[in-house]
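Novice: There's a structure below that I have some questions on.
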Amino acid sequence: MNEERLVKGLKKKQMWAYETLYNEYAPRLGSVIKSYLGTDDVEDVLQETFIKVYKNIRKFRGDSKLSTWLYRIAVNICKDIIAKRAKKKEYLTDFQENDDYATFEPPASTNVFKEVMDELSLEELMKVVEKLAEDDRLLIRLRDIDGMSYEDIAGIIDKPVGTVKSRLHYARKRLKELLEEVGYSEHSR
Amino acid sequence: MSTRDSLNDYLDEGLAENDLNETEREDLKNYLTALALFRERTNYRPSKNLKNNVLGKVKKANLLPYRLGVLMAACVLAFFVTFDFFSSNVIEIRSRDAAPDPFEQLLMLQRSSGPLVYSLSTEDAELSGDSFAQISIEDKLMRSVEFLRDDVKAGADLAVVSSTY
């Protein structure tokens, strides 16, 4: 899909453009939102993101990629939610599996004990990831999982490239340390 | 224990796996496993419901200017109809005993002055050269109330005939 044509359609408020935008970006945005917030507010944030796109598309000048702009809107909405949570002193973490989402299946094994131990190990691993700060989870998601460039990430979180690099390096180091703390090892599984 | 640099160098600078020592490879494997699990657990598949909700809201927002336009047009039309009604209606006051004359009523409908006791038709006032037409509608209404007070006491009847409708 040609981005220029899509942006033109979005600015003209044509339904086919919004449907295309949704089909292409909703899963990716949803994953990033879930990584960042770690809750089931994903649908609300996604809805708000697309409504904001509708209201502000005329302000999009094409200085950055459309995807970068989209991610930035979603991330800013997430930041607002986190700020509200901090005010309310809520702490929600929900990495529970959901019927709508892909489930992680442990490797097949005839040894039940080993299967159970594997499951525990994976749960332990998720707890480690949950201990990371939201911003660290976001950076690891965007760079190491979604494969975005540093320039794109800098555009999304509105920080210089150098800052993004150093923060990401710190986030990776932090995750590694957390893994070592719990003594997690591939060999021990 | 591997240094931070080897992990970052591998992930960012393209350092080959062969260049890593045993411990660094172990750390890398653990890190990549954690990443794989993180990706699986945070993978999101939007529901059809969500798509309908989002596109429905966009459609609604698209239609809003047209709805506002129709509403404004309806308000303007209502204003003009009301204004026209009050500026061209006629209040007829006659004695209770007098039978309504159909011809007289027909004349009224045709905007003739007719044998009326009182007429508040602005057009009649204009025709007779009365400066009544220059008085504001509010003043006219206040005057008509005064009329009613006196004439209803005297046993007069009141009918409103609009010559426009």
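In the structure tokens, chains take letters A, B, ... by order of appearance, with residues numbered from 1 within each chain and ligands from 1 in the order shown.
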Using only C-alpha atoms, I'd like every residue of chain B that has an atom within 12 Å of chain A; please write them out as an MDAnalysis selection string.
Specialist: chainID B and resid 1:12 23:63
Novice: Residues at most 12 Å from Ala154 (chain A), counting only C-alpha atoms, excluding those fewer than 4 positions away in the same chain, as an MDAnalysis selection string?
Specialist: chainID A and resid 64 68:69 71:72 139 142:143 148:150 158:168
Novice: Hey, can you check how far CA of Asp41 (chain A) sits from CA of Leu178 (chain A)?
Specialist: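 Between CA of Asp41 (chain A) and CA of Leu178 (chain A) the gap works out to 26.6 Å.
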Novice: To one decimal place, how far is CA of Asp136 (chain A) from CA of Ala171 (chain A) in Å?
Specialist: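 Computing the Euclidean distance for CA of Asp136 (chain A) and CA of Ala171 (chain A) yields 5.1 Å.
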Novice: Please measure the separation of CA of Cys78 (chain A) and CA of Leu37 (chain A), giving the value in Å to one decimal.
Specialist: 6.7 Å
Novice: Could you name the residues that touch Leu66 (chain A) at 10 Å or less, counting only C-alpha atoms, but leaving out those on the same chain fewer than 4 positions away, as a list in words?
Specialist: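 Skipping anything fewer than 4 positions along the chain leaves Glu3, Glu4, Leu6, Val7, Leu21, Ile57, Phe60, Arg61, Gly62, Leu70, Tyr71 and Arg72 of chain A.
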Novice: For the residues selected in the previous step, produce a file with N, CA and C atoms as a CSV table (one decimal), in the first residue's frame.
Specialist:
chain,number,residue,atom,x,y,z
A,3,GLU,N,2.1,4.7,0.8
A,3,GLU,CA,1.8,5.5,1.9
A,3,GLU,C,1.2,6.8,1.6
A,4,GLU,N,1.7,7.4,0.5
A,4,GLU,CA,1.2,8.7,0.1
A,4,GLU,C,-0.2,8.7,-0.3
A,6,LEU,N,-2.4,6.5,0.8
A,6,LEU,CA,-3.1,6.2,2.0
A,6,LEU,C,-3.3,7.5,2.8
A,7,VAL,N,-2.2,8.3,2.9
A,7,VAL,CA,-2.4,9.5,3.7
A,7,VAL,C,-3.4,10.5,3.0
A,21,LEU,N,-5.8,1.3,7.1
A,21,LEU,CA,-4.9,1.7,8.2
A,21,LEU,C,-5.1,0.7,9.4
A,57,ILE,N,-5.2,14.1,11.4
A,57,ILE,CA,-4.5,13.7,10.2
A,57,ILE,C,-4.1,14.9,9.4
A,60,PHE,N,-0.6,16.1,9.9
A,60,PHE,CA,0.5,15.2,9.5
A,60,PHE,C,1.1,15.8,8.3
A,61,ARG,N,2.4,16.2,8.4
A,61,ARG,CA,3.0,16.8,7.2
A,61,ARG,C,3.9,15.9,6.4
A,62,GLY,N,4.1,14.7,6.9
A,62,GLY,CA,4.9,13.7,6.2
A,62,GLY,C,6.4,13.9,6.5
A,70,LEU,N,1.9,7.2,14.0
A,70,LEU,CA,0.9,6.3,14.6
A,70,LEU,C,1.4,5.8,16.0
A,71,TYR,N,2.6,5.3,16.0
A,71,TYR,CA,3.2,4.7,17.2
A,71,TYR,C,3.3,5.8,18.3
A,72,ARG,N,3.7,7.0,17.8
A,72,ARG,CA,3.8,8.1,18.8
A,72,ARG,C,2.5,8.5,19.4
